[in-house]
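Here's the structure, in structure tokens; my notes come after.
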Amino acid sequence: MSECKKNNLNLIISNPCFEIWLYYSCNENMPNYILPKDKSKISKSLKVHLNEVVSGGVDPRKAPWEIYQANKNSLKNYKEDKTKIPKLFSTQMHVLGSKLYELLKDDIERLKDIQENKKFKMIEEQKKLKRKN
């Protein structure tokens with residue numbers, strides 16, 4: 001970490017893995033599952049667990065749509081040890097995510113509105129088809 005400071009770089013750490021931030025895009029609280037005894041398998045077991053608790057699994061392609069929620073929930077659950085390293089199920093991605101959201105929020109919200117409008121139109125079309133039948 002001192003190398004990063006020396007070179008004016010910000011290091012972002014997720015414990016156990018980046019997917020914890022994706023998990024927080026659709027979950028308000030820390031994951032609740034039995035950790036493997038072998039600590040080196042926590043990251044892999046979390047990824048398996050996430051596919052069980054998140055419909056369709058966590059998808060990094062969906063992250064931009066839920067960046068605000070992921071930041072909010074990851075910050076709510078953020079804890080670090082005395083050396084400033086995130087504790088288990090904590091991530092510093094909200095630091096980068098907040099900056100990205102500020103840059104992209106207008107576009108994200110506009111695209112969400114478009115997507116919502118498309119869903120509404122599709123539902124209305126399905127209702128019309130049902131009435132015809």
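Residues are referred to by chain and number: the chain letter is A, B, ... according to the order shown in the structure tokens, the number counts from 1 in that chain, and ligands are numbered separately from 1 in the order shown.
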
**OP:** Run DSSP on the backbone and give me the residues of stretch 77-126 of chain A it puts in helix (DSSP H, G or I), as a PyMOL selection string.
**Re:** chain A and resi 93-126

Export of the given selection (C-alpha atoms) as a PDB file, in the first residue's frame:
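Result went into part.pdb, see below:
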```pdb
ATOM      1  CA  MET A  93     -15.547  -0.470  -4.250  1.00  0.00           C
ATOM      2  CA  HIS A  94     -17.966   2.193  -3.028  1.00  0.00           C
ATOM      3  CA  VAL A  95     -15.044   4.645  -3.244  1.00  0.00           C
ATOM      4  CA  LEU A  96     -14.611   4.063  -6.979  1.00  0.00           C
ATOM      5  CA  GLY A  97     -18.312   3.358  -7.490  1.00  0.00           C
ATOM      6  CA  SER A  98     -19.300   6.743  -6.030  1.00  0.00           C
ATOM      7  CA  LYS A  99     -16.979   8.555  -8.402  1.00  0.00           C
ATOM      8  CA  LEU A 100     -18.263   6.548 -11.355  1.00  0.00           C
ATOM      9  CA  TYR A 101     -21.866   7.166 -10.360  1.00  0.00           C
ATOM     10  CA  GLU A 102     -21.327  10.929 -10.214  1.00  0.00           C
ATOM     11  CA  LEU A 103     -19.927  10.843 -13.741  1.00  0.00           C
ATOM     12  CA  LEU A 104     -22.609   8.534 -15.140  1.00  0.00           C
ATOM     13  CA  LYS A 105     -25.747   9.131 -13.064  1.00  0.00           C
ATOM     14  CA  ASP A 106     -27.661  11.171 -15.658  1.00  0.00           C
ATOM     15  CA  ASP A 107     -27.029   8.567 -18.353  1.00  0.00           C
ATOM     16  CA  ILE A 108     -27.802   5.686 -15.990  1.00  0.00           C
ATOM     17  CA  GLU A 109     -31.107   7.227 -14.919  1.00  0.00           C
ATOM     18  CA  ARG A 110     -32.078   8.065 -18.516  1.00  0.00           C
ATOM     19  CA  LEU A 111     -31.344   4.487 -19.631  1.00  0.00           C
ATOM     20  CA  LYS A 112     -33.265   3.082 -16.664  1.00  0.00           C
ATOM     21  CA  ASP A 113     -36.271   5.216 -17.680  1.00  0.00           C
ATOM     22  CA  ILE A 114     -36.033   3.944 -21.258  1.00  0.00           C
ATOM     23  CA  GLN A 115     -35.790   0.357 -20.045  1.00  0.00           C
ATOM     24  CA  GLU A 116     -38.753   0.843 -17.678  1.00  0.00           C
ATOM     25  CA  ASN A 117     -40.801   2.405 -20.478  1.00  0.00           C
ATOM     26  CA  LYS A 118     -40.037  -0.568 -22.747  1.00  0.00           C
ATOM     27  CA  LYS A 119     -41.172  -2.984 -20.016  1.00  0.00           C
ATOM     28  CA  PHE A 120     -44.402  -1.015 -19.547  1.00  0.00           C
ATOM     29  CA  LYS A 121     -45.123  -1.041 -23.307  1.00  0.00           C
ATOM     30  CA  MET A 122     -44.426  -4.765 -23.480  1.00  0.00           C
ATOM     31  CA  ILE A 123     -46.855  -5.452 -20.613  1.00  0.00           C
ATOM     32  CA  GLU A 124     -49.522  -3.318 -22.290  1.00  0.00           C
ATOM     33  CA  GLU A 125     -49.027  -5.205 -25.560  1.00  0.00           C
ATOM     34  CA  GLN A 126     -49.379  -8.532 -23.747  1.00  0.00           C
TER      35      GLN A 126
END
```

A:Leu46 surroundings by only C-alpha atoms, 9 Å radius, close-in-sequence under 3 positions cut, as a PDB file with C-alpha atoms, in the first residue's frame:
```
ATOM      1  CA  PRO A  16     -12.994 -11.857  -0.151  1.00  0.00           C
ATOM      2  CA  CYS A  17     -13.565 -10.797  -3.778  1.00  0.00           C
ATOM      3  CA  GLU A  19     -18.340 -10.084  -6.305  1.00  0.00           C
ATOM      4  CA  ILE A  20     -19.206  -8.929  -2.790  1.00  0.00           C
ATOM      5  CA  PRO A  31     -24.263 -12.595   3.216  1.00  0.00           C
ATOM      6  CA  TYR A  33     -23.857 -18.560   5.060  1.00  0.00           C
ATOM      7  CA  LEU A  35     -17.903 -20.334   5.721  1.00  0.00           C
ATOM      8  CA  LYS A  41     -11.831 -21.308  -0.379  1.00  0.00           C
ATOM      9  CA  ILE A  42     -13.968 -18.435   0.936  1.00  0.00           C
ATOM     10  CA  SER A  43     -13.918 -16.497  -2.333  1.00  0.00           C
ATOM     11  CA  HIS A  49     -23.468 -18.982  -2.619  1.00  0.00           C
ATOM     12  CA  LEU A  50     -24.259 -15.836  -4.615  1.00  0.00           C
ATOM     13  CA  ASN A  51     -25.535 -17.935  -7.504  1.00  0.00           C
TER      14      ASN A  51
END
```

Subject >> Given only C-alpha atoms as the counted atoms, nearest of A:Ile34, A:Asp59, A:Tyr23, A:Ser45 to A:Ser74 >> reply: A:Tyr23

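Note that the spacing between atom CA of A:Leu88 and atom CA of A:Ser2 amounts to 22.2 Å.
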
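Residues lying within 10 Å of A:Leu22, counting only C-alpha atoms and ignoring same-chain neighbours fewer than 4 positions away, are Cys17, Phe18, Cys26, Asn27, Leu50, Gly57, Val58, Asp59, Pro60, Arg61, Lys62, Ala63, Glu66, Ile67, Gln69, Ala70, Asn71, Ser74 and Met93 of chain A.
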
Based on the selection just made, write N, CA and C atoms of those residues as an mmCIF file, in the first residue's frame.
```
data_model
loop_
_atom_site.group_PDB
_atom_site.id
_atom_site.type_symbol
_atom_site.label_atom_id
_atom_site.label_comp_id
_atom_site.auth_asym_id
_atom_site.auth_seq_id
_atom_site.Cartn_x
_atom_site.Cartn_y
_atom_site.Cartn_z
ATOM 1 N N CYS A 17 -13.718 -10.965 -2.337
ATOM 2 C CA CYS A 17 -13.565 -10.797 -3.778
ATOM 3 C C CYS A 17 -14.470 -9.663 -4.269
ATOM 4 N N PHE A 18 -14.256 -9.255 -5.506
ATOM 5 C CA PHE A 18 -15.035 -8.180 -6.118
ATOM 6 C C PHE A 18 -16.542 -8.461 -6.105
ATOM 7 N N CYS A 26 -27.906 -5.891 -4.875
ATOM 8 C CA CYS A 26 -29.274 -6.390 -4.723
ATOM 9 C C CYS A 26 -29.561 -6.935 -3.322
ATOM 10 N N ASN A 27 -28.638 -6.706 -2.388
ATOM 11 C CA ASN A 27 -28.841 -7.153 -1.008
ATOM 12 C C ASN A 27 -28.345 -6.089 -0.040
ATOM 13 N N LEU A 50 -23.574 -16.944 -3.944
ATOM 14 C CA LEU A 50 -24.259 -15.836 -4.615
ATOM 15 C C LEU A 50 -25.147 -16.331 -5.741
ATOM 16 N N GLY A 57 -27.693 -15.296 -10.577
ATOM 17 C CA GLY A 57 -26.324 -15.006 -10.154
ATOM 18 C C GLY A 57 -25.978 -13.532 -10.296
ATOM 19 N N VAL A 58 -24.877 -13.116 -9.713
ATOM 20 C CA VAL A 58 -24.445 -11.724 -9.842
ATOM 21 C C VAL A 58 -23.790 -11.555 -11.210
ATOM 22 N N ASP A 59 -24.186 -10.526 -11.894
ATOM 23 C CA ASP A 59 -23.750 -10.311 -13.260
ATOM 24 C C ASP A 59 -23.063 -8.949 -13.361
ATOM 25 N N PRO A 60 -21.749 -8.924 -13.605
ATOM 26 C CA PRO A 60 -21.044 -7.640 -13.666
ATOM 27 C C PRO A 60 -21.568 -6.719 -14.767
ATOM 28 N N ARG A 61 -22.233 -7.287 -15.771
ATOM 29 C CA ARG A 61 -22.797 -6.435 -16.837
ATOM 30 C C ARG A 61 -23.961 -5.600 -16.333
ATOM 31 N N LYS A 62 -24.572 -6.019 -15.225
ATOM 32 C CA LYS A 62 -25.700 -5.277 -14.651
ATOM 33 C C LYS A 62 -25.232 -4.236 -13.631
ATOM 34 N N ALA A 63 -23.975 -4.260 -13.283
ATOM 35 C CA ALA A 63 -23.450 -3.375 -12.240
ATOM 36 C C ALA A 63 -23.736 -1.898 -12.489
ATOM 37 N N GLU A 66 -27.112 -0.723 -11.197
ATOM 38 C CA GLU A 66 -27.350 -0.790 -9.750
ATOM 39 C C GLU A 66 -26.198 -0.196 -8.946
ATOM 40 N N ILE A 67 -25.414 0.643 -9.566
ATOM 41 C CA ILE A 67 -24.215 1.176 -8.913
ATOM 42 C C ILE A 67 -24.548 1.965 -7.646
ATOM 43 N N GLN A 69 -27.142 1.589 -5.592
ATOM 44 C CA GLN A 69 -27.527 0.663 -4.527
ATOM 45 C C GLN A 69 -26.330 -0.130 -4.012
ATOM 46 N N ALA A 70 -25.468 -0.565 -4.901
ATOM 47 C CA ALA A 70 -24.270 -1.311 -4.489
ATOM 48 C C ALA A 70 -23.394 -0.450 -3.596
ATOM 49 N N ASN A 71 -23.220 0.818 -3.967
ATOM 50 C CA ASN A 71 -22.419 1.730 -3.143
ATOM 51 C C ASN A 71 -23.046 1.915 -1.769
ATOM 52 N N SER A 74 -22.860 -1.461 0.261
ATOM 53 C CA SER A 74 -21.498 -1.858 0.635
ATOM 54 C C SER A 74 -20.942 -0.909 1.700
ATOM 55 N N MET A 93 -15.065 -0.817 -2.915
ATOM 56 C CA MET A 93 -15.547 -0.470 -4.250
ATOM 57 C C MET A 93 -16.467 0.739 -4.242
#
```

Subject >> DSSP-assigned strand (DSSP E or B) members of stretch 31-92 of chain A, reported as a PyMOL selection string >> reply: chain A and resi 80+86+90-91

Write the residues of the preceding selection, restricted to C-alpha atoms, as a short mmCIF file (atom, residue, chain, number, x, y, z; two decimals), in the first residue's frame.
```cif
data_model
loop_
_atom_site.label_atom_id
_atom_site.label_comp_id
_atom_site.auth_asym_id
_atom_site.auth_seq_id
_atom_site.Cartn_x
_atom_site.Cartn_y
_atom_site.Cartn_z
CA GLU A 80 -12.07 -2.60 8.42
CA PRO A 86 -11.56 -4.42 4.81
CA SER A 90 -16.45 -5.60 3.10
CA THR A 91 -15.31 -3.79 0.00
#
```

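The interatomic distance for the pair atom CA of A:Lys79 and atom CA of A:Gln92 works out to 9.6 Å.
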
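Atom pair atom CA of A:Pro64 / atom CA of A:Trp21: separated by 11.8 Å.
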